[in-house]
Amino acid sequence: MAFHTINGRGVAYRLLGAEGNPLVVLAHPLGMSQAVWDDVIPALLPRYRVLTWDLPGHGASQAVSGDRIAPADLAAEALALVDLAGAQRFHFAGTSIGGVVGQQLIAEHADRLFSATLTNTGAVIGNPDLWNTRAGRVRQEGLAAMSEEIVPRWFAPAAFEASPALKAGWCTQMGRGDDESYAQLCEMLGRDTFTGKLSGKSTKVQLFGGSEDMATPPATLDGLATELDGAPLEIFDGVGHVPSVEAPALFAEKLLAVLMRDLGDVANHGVAYATGLETRKQVLGEEHVARSTANANRLDAPFQQMITRLAWGELWSNDDLTRRERSMITTGILAALGREELTLHLKTAKRIGLTDAELRQVLMHVAIYGGVPAANHAFALAKELGWGE
């Protein structure tokens with residue numbers, strides 16, 4: 001876990017995975033922490049870089065410093081962390097109040113989203129009286145005392161049967177939170193809604209809910225789907241409010257399907273230049289692509305466009321292989337052929353997250369199937385670039 005200061009307040013976050021992969025940002029529910037994603041993250045890391053964080057006064061993040069917090073403040077916090085990660089655009093997934101953060105991003109920052117997956121949330125959640133009453137009780141009684149009442153609402157009965165310690169664990173976690181931060185977030189949920197704010201956005205959105213969710217029942221998700229111009233909604237049978245905890249394998253499978261890029265009818269229509277350019281920037285880095293673009297003139301500009309569309313659009317943007325697998329294939333071919341671009345792709349392999357052991361095996365394959373001199377040259381070049389240190 002790492003920490004970053006945003007507007008004078010310490011925020012706890014995790015940034016996991018290879019720099020050269022697309023970024024996925026995950027936002028947790030009210031009263032919980034970024035730990036709700038622990039059983040989902042391993043399924044994402046082969047293809048994605050993952051950013052999670054603790055909301056104000058939750059987990060290891062500092063408490064609120066003012067007397068009022070709004071969805072825009074939470075979205076700004078998420079964007080500050082995305083900027084810290086060096087990403088311009090990203091995928092977002094959020095549950096409950098995390099889904100409220102996602103709605104704020106859709107409403108005001110849709111240009112930065114590849115996709116938004118919103119689970120167990122709503123454009124309107126509950127009502128002001130409910131949230132204001134809870135805020136008052138939390139300030140008076142404390143989260144530790146109220147956790148025994150709130151935590152059972154998060155999970156379906158089957159979840160407690162499968163894991164008897166689940167309730168005690170999350171009661172302990174909730175009880176460690178900051179009372180005032182929780183209370184202000186409750187007041188925010190009662191005050192700030194997204195009715196009439198989400199229509200006409202171009203963001204790809206997927207909604208998920210749970211059939212046993214008492215906090216945001218399927219009817220609440222139906223209302224959100226309407227606000228989002230009929231966004232697709234799937235309800236998980238037998239699941240409550242937190243699918244990433246109750247059904248992590250199912251949720252990871254569904255989320256990966258949302259995140260996967262649809263390139264369309266590549267055989268007949270190819271891939272758009274913009275798609276290839278986005279992937280090229282992620283894999284090679286913004287600075288390298290900017291230099292290549294700036295150095296192009298009327299002689300080679302069409303060539304730069306062609307390789308962006310074909311190499312980076314049709315190949316590297318295709319999800320049939322991970323970027324790690326494509327990096328190993330590309331590095332091996334360039335090493336065997338002794339091509340000049342081997343230097344670039346040895347640097348890229350580091351951004352993709354290849355290990356020394358993986359690169360060693362690639363180059364040993366080159367030695368056997370492409371020739372020892374070619375592999376010897378590639379090993380020497382890799383050592384010059386810092387591999388093996």
# chains A, B, ... in the order shown; residues from 1 in each chain; ligands from 1
>>> residues_around(residues="Asn376 (chain A)", least_positions_apart="3", cutoff="12 Å", atoms="only C-alpha atoms", output="list in words")
Ala335, Ala336, Gly338, Arg360, Leu363, Met364, His365, Val366, Ala367, Ile368, Gly370, Gly371, Val372, Pro373, Phe379, Ala380, Leu381, Ala382 and Lys383 of chain A
>>> select_by_dssp(residues="region 243-275 of chain A", states="alpha helix (DSSP H)", output="MDAnalysis selection string")
chainID A and resid 243:246 248:259 266:269 273:275
>>> write_last_selection(atoms="N, CA and C atoms", output="CSV table (one decimal), in the first residue's frame")
chain,number,residue,atom,x,y,z
A,243,PRO,N,-20.8,-7.9,-4.7
A,243,PRO,CA,-20.5,-9.1,-5.4
A,243,PRO,C,-19.0,-9.5,-5.5
A,244,SER,N,-18.1,-8.5,-5.3
A,244,SER,CA,-16.7,-8.7,-5.4
A,244,SER,C,-16.3,-9.6,-4.2
A,245,VAL,N,-17.0,-9.5,-3.1
A,245,VAL,CA,-16.7,-10.3,-1.9
A,245,VAL,C,-17.5,-11.6,-1.9
A,246,GLU,N,-18.8,-11.6,-2.3
A,246,GLU,CA,-19.7,-12.8,-2.3
A,246,GLU,C,-19.4,-13.7,-3.4
A,248,PRO,N,-16.6,-13.5,-6.1
A,248,PRO,CA,-15.5,-12.8,-6.8
A,248,PRO,C,-15.2,-13.4,-8.2
A,249,ALA,N,-15.2,-14.8,-8.3
A,249,ALA,CA,-14.9,-15.4,-9.6
A,249,ALA,C,-15.9,-15.0,-10.6
A,250,LEU,N,-17.2,-15.0,-10.3
A,250,LEU,CA,-18.3,-14.6,-11.2
A,250,LEU,C,-18.1,-13.1,-11.6
A,251,PHE,N,-17.9,-12.3,-10.6
A,251,PHE,CA,-17.7,-10.9,-10.8
A,251,PHE,C,-16.5,-10.6,-11.7
A,252,ALA,N,-15.4,-11.2,-11.5
A,252,ALA,CA,-14.2,-11.0,-12.3
A,252,ALA,C,-14.5,-11.4,-13.7
A,253,GLU,N,-15.1,-12.5,-13.9
A,253,GLU,CA,-15.5,-13.0,-15.3
A,253,GLU,C,-16.3,-12.0,-16.0
A,254,LYS,N,-17.3,-11.5,-15.3
A,254,LYS,CA,-18.2,-10.5,-15.9
A,254,LYS,C,-17.5,-9.2,-16.2
A,255,LEU,N,-16.7,-8.8,-15.3
A,255,LEU,CA,-15.9,-7.5,-15.4
A,255,LEU,C,-14.9,-7.6,-16.6
A,256,LEU,N,-14.2,-8.7,-16.7
A,256,LEU,CA,-13.3,-8.9,-17.8
A,256,LEU,C,-14.0,-8.8,-19.2
A,257,ALA,N,-15.2,-9.4,-19.2
A,257,ALA,CA,-16.0,-9.3,-20.5
A,257,ALA,C,-16.3,-7.9,-20.8
A,258,VAL,N,-16.6,-7.0,-19.8
A,258,VAL,CA,-16.9,-5.6,-20.1
A,258,VAL,C,-15.6,-4.9,-20.6
A,259,LEU,N,-14.5,-5.2,-19.9
A,259,LEU,CA,-13.3,-4.5,-20.2
A,259,LEU,C,-12.7,-4.8,-21.6
A,266,VAL,N,-12.9,-6.5,-38.1
A,266,VAL,CA,-11.6,-6.1,-38.5
A,266,VAL,C,-11.3,-6.6,-40.0
A,267,ALA,N,-11.8,-7.7,-40.4
A,267,ALA,CA,-11.5,-8.3,-41.7
A,267,ALA,C,-12.0,-7.3,-42.8
A,268,ASN,N,-13.1,-6.7,-42.6
A,268,ASN,CA,-13.7,-5.9,-43.6
A,268,ASN,C,-13.5,-4.4,-43.4
A,269,HIS,N,-13.3,-4.0,-42.2
A,269,HIS,CA,-13.2,-2.5,-41.9
A,269,HIS,C,-11.9,-2.1,-41.2
A,273,TYR,N,-7.6,4.4,-36.5
A,273,TYR,CA,-6.2,4.9,-36.1
A,273,TYR,C,-6.2,5.3,-34.7
A,274,ALA,N,-7.3,5.9,-34.2
A,274,ALA,CA,-7.3,6.3,-32.8
A,274,ALA,C,-7.2,5.2,-31.8
A,275,THR,N,-7.7,4.0,-32.1
A,275,THR,CA,-7.6,2.8,-31.3
A,275,THR,C,-6.1,2.4,-31.2
>>> residues_around(residues="region 63-70 of chain A", least_positions_apart="3", cutoff="8 Å", atoms="only C-alpha atoms", output="JSON list (two decimals) with all heavy atoms, in the first residue's frame")
[["chain", "number", "residue", "atom", "x", "y", "z"],
["A", 9, "ARG", "N", -4.88, 15.98, 2.51],
["A", 9, "ARG", "CA", -5.34, 14.80, 3.23],
["A", 9, "ARG", "C", -4.67, 13.56, 2.68],
["A", 9, "ARG", "O", -4.57, 13.38, 1.47],
["A", 9, "ARG", "CB", -6.87, 14.68, 3.12],
["A", 9, "ARG", "CG", -7.48, 13.62, 4.01],
["A", 9, "ARG", "CD", -9.01, 13.62, 3.87],
["A", 9, "ARG", "NE", -9.39, 13.30, 2.50],
["A", 9, "ARG", "CZ", -9.40, 12.07, 1.99],
["A", 9, "ARG", "NH1", -9.03, 11.04, 2.74],
["A", 9, "ARG", "NH2", -9.75, 11.87, 0.75],
["A", 56, "PRO", "N", -12.43, 8.60, 2.04],
["A", 56, "PRO", "CA", -12.10, 9.38, 3.24],
["A", 56, "PRO", "C", -12.57, 8.71, 4.53],
["A", 56, "PRO", "O", -13.72, 8.28, 4.65],
["A", 56, "PRO", "CB", -12.85, 10.70, 3.03],
["A", 56, "PRO", "CG", -12.94, 10.84, 1.54],
["A", 56, "PRO", "CD", -13.13, 9.43, 1.03],
["A", 57, "GLY", "N", -11.65, 8.58, 5.49],
["A", 57, "GLY", "CA", -11.99, 7.99, 6.78],
["A", 57, "GLY", "C", -12.22, 6.50, 6.74],
["A", 57, "GLY", "O", -12.68, 5.92, 7.73],
["A", 58, "HIS", "N", -11.93, 5.85, 5.63],
["A", 58, "HIS", "CA", -12.07, 4.41, 5.47],
["A", 58, "HIS", "C", -10.67, 3.78, 5.34],
["A", 58, "HIS", "O", -9.74, 4.43, 4.83],
["A", 58, "HIS", "CB", -12.89, 4.07, 4.23],
["A", 58, "HIS", "CG", -14.34, 4.41, 4.35],
["A", 58, "HIS", "ND1", -14.80, 5.69, 4.55],
["A", 58, "HIS", "CD2", -15.47, 3.62, 4.26],
["A", 58, "HIS", "CE1", -16.12, 5.68, 4.59],
["A", 58, "HIS", "NE2", -16.55, 4.44, 4.42],
["A", 73, "ASP", "N", -15.92, 15.80, -5.18],
["A", 73, "ASP", "CA", -14.69, 15.68, -4.40],
["A", 73, "ASP", "C", -14.11, 14.27, -4.50],
["A", 73, "ASP", "O", -12.90, 14.09, -4.64],
["A", 73, "ASP", "CB", -14.97, 16.00, -2.93],
["A", 73, "ASP", "CG", -15.49, 17.42, -2.73],
["A", 73, "ASP", "OD1", -14.96, 18.34, -3.37],
["A", 73, "ASP", "OD2", -16.44, 17.59, -1.94],
["A", 74, "LEU", "N", -14.98, 13.27, -4.45],
["A", 74, "LEU", "CA", -14.52, 11.87, -4.55],
["A", 74, "LEU", "C", -13.99, 11.58, -5.95],
["A", 74, "LEU", "O", -12.99, 10.88, -6.11],
["A", 74, "LEU", "CB", -15.66, 10.92, -4.19],
["A", 74, "LEU", "CG", -16.27, 11.08, -2.80],
["A", 74, "LEU", "CD1", -17.37, 10.06, -2.58],
["A", 74, "LEU", "CD2", -15.20, 10.95, -1.72],
["A", 178, "ASP", "N", -13.72, 6.20, 10.46],
["A", 178, "ASP", "CA", -13.94, 7.49, 11.11],
["A", 178, "ASP", "C", -15.42, 7.85, 11.08],
["A", 178, "ASP", "O", -16.04, 7.90, 10.01],
["A", 178, "ASP", "CB", -13.12, 8.57, 10.38],
["A", 178, "ASP", "CG", -13.38, 9.95, 10.93],
["A", 178, "ASP", "OD1", -13.01, 10.19, 12.09],
["A", 178, "ASP", "OD2", -13.97, 10.78, 10.20],
["A", 180, "GLU", "N", -17.12, 10.68, 11.63],
["A", 180, "GLU", "CA", -17.52, 11.91, 10.94],
["A", 180, "GLU", "C", -17.45, 11.74, 9.42],
["A", 180, "GLU", "O", -18.33, 12.23, 8.69],
["A", 180, "GLU", "CB", -16.66, 13.09, 11.38],
["A", 180, "GLU", "CG", -16.98, 14.41, 10.72],
["A", 180, "GLU", "CD", -18.42, 14.89, 10.97],
["A", 180, "GLU", "OE1", -19.03, 14.49, 11.99],
["A", 180, "GLU", "OE2", -18.92, 15.68, 10.14],
["A", 181, "SER", "N", -16.43, 11.07, 8.93],
["A", 181, "SER", "CA", -16.32, 10.84, 7.48],
["A", 181, "SER", "C", -17.50, 10.03, 6.98],
["A", 181, "SER", "O", -18.12, 10.36, 5.95],
["A", 181, "SER", "CB", -15.01, 10.11, 7.15],
["A", 181, "SER", "OG", -13.89, 10.86, 7.54],
["A", 184, "GLN", "N", -20.68, 12.19, 6.97],
["A", 184, "GLN", "CA", -20.75, 13.14, 5.86],
["A", 184, "GLN", "C", -21.05, 12.45, 4.54],
["A", 184, "GLN", "O", -21.76, 13.00, 3.68],
["A", 184, "GLN", "CB", -19.45, 13.94, 5.76],
["A", 184, "GLN", "CG", -19.28, 14.97, 6.86],
["A", 184, "GLN", "CD", -18.13, 15.92, 6.59],
["A", 184, "GLN", "OE1", -17.77, 16.18, 5.44],
["A", 184, "GLN", "NE2", -17.53, 16.43, 7.66],
["A", 185, "LEU", "N", -20.53, 11.25, 4.37],
["A", 185, "LEU", "CA", -20.83, 10.50, 3.14],
["A", 185, "LEU", "C", -22.30, 10.07, 3.13],
["A", 185, "LEU", "O", -22.93, 10.04, 2.06],
["A", 185, "LEU", "CB", -19.89, 9.30, 3.03],
["A", 185, "LEU", "CG", -18.43, 9.65, 2.74],
["A", 185, "LEU", "CD1", -17.54, 8.42, 2.87],
["A", 185, "LEU", "CD2", -18.28, 10.25, 1.34],
["A", 188, "MET", "N", -24.18, 13.06, 2.05],
["A", 188, "MET", "CA", -23.99, 13.24, 0.61],
["A", 188, "MET", "C", -24.95, 12.36, -0.19],
["A", 188, "MET", "O", -25.57, 12.81, -1.16],
["A", 188, "MET", "CB", -22.54, 12.91, 0.22],
["A", 188, "MET", "CG", -22.22, 13.12, -1.26],
["A", 188, "MET", "SD", -20.68, 12.32, -1.74],
["A", 188, "MET", "CE", -21.25, 10.62, -2.01],
["A", 192, "ASP", "N", -27.20, 14.41, -2.72],
["A", 192, "ASP", "CA", -26.75, 14.50, -4.11],
["A", 192, "ASP", "C", -27.23, 13.29, -4.91],
["A", 192, "ASP", "O", -26.86, 12.15, -4.59],
["A", 192, "ASP", "CB", -25.22, 14.58, -4.18],
["A", 192, "ASP", "CG", -24.68, 15.83, -3.49],
["A", 192, "ASP", "OD1", -25.15, 16.93, -3.83],
["A", 192, "ASP", "OD2", -23.81, 15.69, -2.62]]
>>> closest_residue(among="A:Thr279, A:Gln206, A:Thr216, A:Thr193", to="Gly240 (chain A)", atoms="only C-alpha atoms")
A:Thr216
>>> closest_residue(among="A:Leu30, A:Ala374, A:Val138, A:Ser202", to="Arg112 (chain A)", atoms="only C-alpha atoms")
A:Ser202
>>> residues_around(residues="Leu321 (chain A)", least_positions_apart="5", cutoff="9 Å", atoms="only C-alpha atoms", output="list in words")
Arg47, Trp316 and Arg326 of chain A
>>> residues_around(residues="Ala225 (chain A)", least_positions_apart="3", cutoff="12 Å", atoms="only C-alpha atoms", output="PyMOL selection string")
chain A and resi 103+117-124+194-196+198-199+205-209+218-222+228-234
>>> write_last_selection(atoms="N, CA, C and O atoms", output="CSV table (one decimal), in the first residue's frame")
chain,number,residue,atom,x,y,z
A,103,GLN,N,-20.7,7.5,-11.4
A,103,GLN,CA,-21.7,8.3,-12.0
A,103,GLN,C,-21.2,9.8,-12.2
A,103,GLN,O,-21.5,10.4,-13.2
A,117,THR,N,-18.2,0.3,-15.1
A,117,THR,CA,-19.0,-0.8,-14.6
A,117,THR,C,-19.5,-0.4,-13.2
A,117,THR,O,-18.7,-0.2,-12.3
A,118,LEU,N,-20.8,-0.2,-13.1
A,118,LEU,CA,-21.4,0.3,-11.8
A,118,LEU,C,-22.2,-0.9,-11.2
A,118,LEU,O,-23.1,-1.4,-11.8
A,119,THR,N,-21.9,-1.2,-10.0
A,119,THR,CA,-22.6,-2.3,-9.3
A,119,THR,C,-23.3,-1.9,-8.0
A,119,THR,O,-22.8,-1.1,-7.3
A,120,ASN,N,-24.5,-2.4,-7.8
A,120,ASN,CA,-25.2,-2.2,-6.5
A,120,ASN,C,-25.2,-0.8,-6.1
A,120,ASN,O,-24.8,-0.4,-5.0
A,121,THR,N,-25.7,0.1,-7.0
A,121,THR,CA,-25.8,1.5,-6.8
A,121,THR,C,-27.0,2.1,-7.4
A,121,THR,O,-27.9,1.3,-7.9
A,122,GLY,N,-27.2,3.4,-7.4
A,122,GLY,CA,-28.3,4.0,-8.1
A,122,GLY,C,-28.1,5.5,-8.3
A,122,GLY,O,-27.3,6.1,-7.6
A,123,ALA,N,-28.9,6.0,-9.2
A,123,ALA,CA,-28.9,7.5,-9.4
A,123,ALA,C,-29.5,8.1,-8.1
A,123,ALA,O,-29.1,9.2,-7.7
A,124,VAL,N,-30.4,7.4,-7.5
A,124,VAL,CA,-30.9,7.8,-6.2
A,124,VAL,C,-30.9,6.6,-5.3
A,124,VAL,O,-31.4,5.5,-5.6
A,194,PHE,N,-28.3,11.8,-9.1
A,194,PHE,CA,-27.9,11.9,-10.5
A,194,PHE,C,-29.1,11.9,-11.5
A,194,PHE,O,-28.9,11.6,-12.7
A,195,THR,N,-30.2,12.1,-11.0
A,195,THR,CA,-31.4,12.1,-11.8
A,195,THR,C,-31.3,13.2,-12.9
A,195,THR,O,-31.0,14.4,-12.5
A,196,GLY,N,-31.4,12.8,-14.1
A,196,GLY,CA,-31.3,13.8,-15.2
A,196,GLY,C,-29.9,14.2,-15.6
A,196,GLY,O,-29.8,15.1,-16.4
A,198,LEU,N,-27.2,11.9,-16.5
A,198,LEU,CA,-26.4,10.8,-17.1
A,198,LEU,C,-26.8,10.5,-18.5
A,198,LEU,O,-26.1,9.8,-19.2
A,199,SER,N,-27.8,11.1,-19.0
A,199,SER,CA,-28.3,10.8,-20.4
A,199,SER,C,-27.4,11.5,-21.4
A,199,SER,O,-26.8,12.5,-21.2
A,205,VAL,N,-21.2,1.6,-20.6
A,205,VAL,CA,-21.6,1.4,-19.2
A,205,VAL,C,-22.3,0.0,-19.1
A,205,VAL,O,-23.0,-0.4,-20.0
A,206,GLN,N,-21.9,-0.7,-18.0
A,206,GLN,CA,-22.5,-2.0,-17.7
A,206,GLN,C,-22.9,-1.9,-16.2
A,206,GLN,O,-22.2,-1.5,-15.4
A,207,LEU,N,-24.2,-2.4,-15.9
A,207,LEU,CA,-24.7,-2.4,-14.6
A,207,LEU,C,-24.8,-3.8,-14.1
A,207,LEU,O,-25.3,-4.7,-14.8
A,208,PHE,N,-24.5,-4.0,-12.8
A,208,PHE,CA,-24.7,-5.3,-12.1
A,208,PHE,C,-25.4,-5.0,-10.8
A,208,PHE,O,-25.1,-4.0,-10.1
A,209,GLY,N,-26.2,-6.0,-10.4
A,209,GLY,CA,-26.8,-5.9,-9.1
A,209,GLY,C,-27.0,-7.3,-8.5
A,209,GLY,O,-26.6,-8.3,-9.1
A,218,PRO,N,-32.8,-4.6,-7.0
A,218,PRO,CA,-32.8,-4.5,-8.5
A,218,PRO,C,-33.6,-3.3,-9.0
A,218,PRO,O,-33.3,-2.8,-10.1
A,219,ALA,N,-34.7,-2.9,-8.3
A,219,ALA,CA,-35.5,-1.8,-8.8
A,219,ALA,C,-34.7,-0.5,-8.9
A,219,ALA,O,-34.9,0.3,-9.7
A,220,THR,N,-33.8,-0.4,-7.9
A,220,THR,CA,-32.9,0.8,-7.9
A,220,THR,C,-32.0,0.8,-9.1
A,220,THR,O,-31.7,1.8,-9.8
A,221,LEU,N,-31.5,-0.4,-9.5
A,221,LEU,CA,-30.6,-0.5,-10.7
A,221,LEU,C,-31.4,-0.3,-11.9
A,221,LEU,O,-30.9,0.3,-12.9
A,222,ASP,N,-32.7,-0.7,-12.0
A,222,ASP,CA,-33.5,-0.4,-13.1
A,222,ASP,C,-33.7,1.1,-13.3
A,222,ASP,O,-33.6,1.5,-14.5
A,228,LEU,N,-29.4,6.1,-17.6
A,228,LEU,CA,-28.3,5.9,-18.5
A,228,LEU,C,-28.7,5.4,-19.9
A,228,LEU,O,-28.0,4.7,-20.6
A,229,ASP,N,-29.9,5.8,-20.3
A,229,ASP,CA,-30.4,5.6,-21.7
A,229,ASP,C,-30.5,4.1,-22.0
A,229,ASP,O,-30.2,3.6,-23.1
A,230,GLY,N,-30.9,3.3,-21.0
A,230,GLY,CA,-31.1,1.9,-21.2
A,230,GLY,C,-29.8,1.0,-21.1
A,230,GLY,O,-29.7,0.0,-21.8
A,231,ALA,N,-28.9,1.4,-20.3
A,231,ALA,CA,-27.6,0.7,-20.1
A,231,ALA,C,-27.9,-0.8,-19.7
A,231,ALA,O,-28.9,-1.0,-19.0
A,232,PRO,N,-27.2,-1.7,-20.2
A,232,PRO,CA,-27.4,-3.1,-19.9
A,232,PRO,C,-27.3,-3.4,-18.4
A,232,PRO,O,-26.4,-2.9,-17.7
A,233,LEU,N,-28.2,-4.2,-17.9
A,233,LEU,CA,-28.2,-4.6,-16.4
A,233,LEU,C,-28.3,-6.1,-16.3
A,233,LEU,O,-29.1,-6.7,-16.9
A,234,GLU,N,-27.4,-6.6,-15.4
A,234,GLU,CA,-27.5,-8.0,-15.1
A,234,GLU,C,-27.6,-8.2,-13.6
A,234,GLU,O,-26.8,-7.6,-12.8
>>> residues_around(residues="region 308-312 of chain A", least_positions_apart="4", cutoff="12 Å", atoms="only C-alpha atoms", output="ChimeraX atom specification")
/A:263,266-267,269-284,289,292-293,301-304,316-319,323,326,330
>>> closest_atom_pairs(of="region 168-242 of chain A", to="region 143-150 of chain A", cutoff="6 Å", atoms="only C-alpha atoms", output="tab-separated table")
residue	atom	partner	partner_atom	distance
A:Cys171	CA	A:Ser147	CA	5.1
A:Gly175	CA	A:Ala144	CA	3.7
A:Asp179	CA	A:Leu143	CA	5.9
>>> atom_distance(atom1="CA of Gln88 (chain A)", atom2="CA of Val36 (chain A)")
25.4 Å
>>> atom_distance(atom1="CA of Asn7 (chain A)", atom2="CA of Gly86 (chain A)")
18.8 Å
>>> atom_distance(atom1="CA of Leu84 (chain A)", atom2="CA of Ser33 (chain A)")
20.4 Å
>>> decode(residues="region 40-60 of chain A", atoms="N, CA and C atoms", output="PDB file, in the first residue's frame")
ATOM      1  N   VAL A  40     -10.621 -10.261  -6.583  1.00  0.00           N
ATOM      2  CA  VAL A  40     -10.890  -9.975  -7.999  1.00  0.00           C
ATOM      3  C   VAL A  40      -9.609  -9.581  -8.725  1.00  0.00           C
ATOM      4  N   ILE A  41      -8.735  -8.881  -8.029  1.00  0.00           N
ATOM      5  CA  ILE A  41      -7.531  -8.317  -8.649  1.00  0.00           C
ATOM      6  C   ILE A  41      -6.659  -9.357  -9.366  1.00  0.00           C
ATOM      7  N   PRO A  42      -6.409 -10.548  -8.794  1.00  0.00           N
ATOM      8  CA  PRO A  42      -5.542 -11.499  -9.497  1.00  0.00           C
ATOM      9  C   PRO A  42      -6.026 -11.853 -10.903  1.00  0.00           C
ATOM     10  N   ALA A  43      -7.338 -11.871 -11.121  1.00  0.00           N
ATOM     11  CA  ALA A  43      -7.858 -12.187 -12.456  1.00  0.00           C
ATOM     12  C   ALA A  43      -7.639 -11.043 -13.438  1.00  0.00           C
ATOM     13  N   LEU A  44      -7.464  -9.819 -12.933  1.00  0.00           N
ATOM     14  CA  LEU A  44      -7.300  -8.651 -13.793  1.00  0.00           C
ATOM     15  C   LEU A  44      -5.848  -8.405 -14.185  1.00  0.00           C
ATOM     16  N   LEU A  45      -4.918  -8.742 -13.301  1.00  0.00           N
ATOM     17  CA  LEU A  45      -3.528  -8.319 -13.484  1.00  0.00           C
ATOM     18  C   LEU A  45      -2.822  -8.849 -14.741  1.00  0.00           C
ATOM     19  N   PRO A  46      -3.159 -10.029 -15.264  1.00  0.00           N
ATOM     20  CA  PRO A  46      -2.473 -10.429 -16.503  1.00  0.00           C
ATOM     21  C   PRO A  46      -2.700  -9.466 -17.667  1.00  0.00           C
ATOM     22  N   ARG A  47      -3.799  -8.724 -17.658  1.00  0.00           N
ATOM     23  CA  ARG A  47      -4.135  -7.851 -18.790  1.00  0.00           C
ATOM     24  C   ARG A  47      -4.242  -6.372 -18.424  1.00  0.00           C
ATOM     25  N   TYR A  48      -4.350  -6.070 -17.143  1.00  0.00           N
ATOM     26  CA  TYR A  48      -4.635  -4.690 -16.745  1.00  0.00           C
ATOM     27  C   TYR A  48      -3.755  -4.241 -15.585  1.00  0.00           C
ATOM     28  N   ARG A  49      -3.543  -2.934 -15.515  1.00  0.00           N
ATOM     29  CA  ARG A  49      -2.970  -2.309 -14.335  1.00  0.00           C
ATOM     30  C   ARG A  49      -4.152  -1.914 -13.445  1.00  0.00           C
ATOM     31  N   VAL A  50      -4.038  -2.095 -12.140  1.00  0.00           N
ATOM     32  CA  VAL A  50      -5.183  -1.917 -11.253  1.00  0.00           C
ATOM     33  C   VAL A  50      -4.868  -0.867 -10.189  1.00  0.00           C
ATOM     34  N   LEU A  51      -5.799   0.084 -10.017  1.00  0.00           N
ATOM     35  CA  LEU A  51      -5.690   1.118  -8.996  1.00  0.00           C
ATOM     36  C   LEU A  51      -6.888   1.016  -8.053  1.00  0.00           C
ATOM     37  N   THR A  52      -6.626   0.863  -6.764  1.00  0.00           N
ATOM     38  CA  THR A  52      -7.683   0.892  -5.745  1.00  0.00           C
ATOM     39  C   THR A  52      -7.295   1.923  -4.700  1.00  0.00           C
ATOM     40  N   TRP A  53      -8.296   2.426  -3.968  1.00  0.00           N
ATOM     41  CA  TRP A  53      -7.977   3.365  -2.891  1.00  0.00           C
ATOM     42  C   TRP A  53      -9.060   3.319  -1.833  1.00  0.00           C
ATOM     43  N   ASP A  54      -8.730   3.869  -0.650  1.00  0.00           N
ATOM     44  CA  ASP A  54      -9.678   3.950   0.458  1.00  0.00           C
ATOM     45  C   ASP A  54     -10.339   5.321   0.458  1.00  0.00           C
ATOM     46  N   LEU A  55     -11.657   5.338   0.556  1.00  0.00           N
ATOM     47  CA  LEU A  55     -12.404   6.584   0.632  1.00  0.00           C
ATOM     48  C   LEU A  55     -12.073   7.339   1.935  1.00  0.00           C
ATOM     49  N   PRO A  56     -12.434   8.604   2.040  1.00  0.00           N
ATOM     50  CA  PRO A  56     -12.101   9.377   3.243  1.00  0.00           C
ATOM     51  C   PRO A  56     -12.567   8.706   4.535  1.00  0.00           C
ATOM     52  N   GLY A  57     -11.648   8.578   5.492  1.00  0.00           N
ATOM     53  CA  GLY A  57     -11.987   7.987   6.781  1.00  0.00           C
ATOM     54  C   GLY A  57     -12.223   6.499   6.737  1.00  0.00           C
ATOM     55  N   HIS A  58     -11.926   5.854   5.630  1.00  0.00           N
ATOM     56  CA  HIS A  58     -12.070   4.411   5.470  1.00  0.00           C
ATOM     57  C   HIS A  58     -10.674   3.783   5.336  1.00  0.00           C
ATOM     58  N   GLY A  59     -10.554   2.517   5.726  1.00  0.00           N
ATOM     59  CA  GLY A  59      -9.273   1.838   5.575  1.00  0.00           C
ATOM     60  C   GLY A  59      -8.152   2.638   6.211  1.00  0.00           C
ATOM     61  N   ALA A  60      -7.118   2.938   5.408  1.00  0.00           N
ATOM     62  CA  ALA A  60      -5.963   3.682   5.921  1.00  0.00           C
ATOM     63  C   ALA A  60      -5.933   5.134   5.453  1.00  0.00           C
TER      64      ALA A  60
END
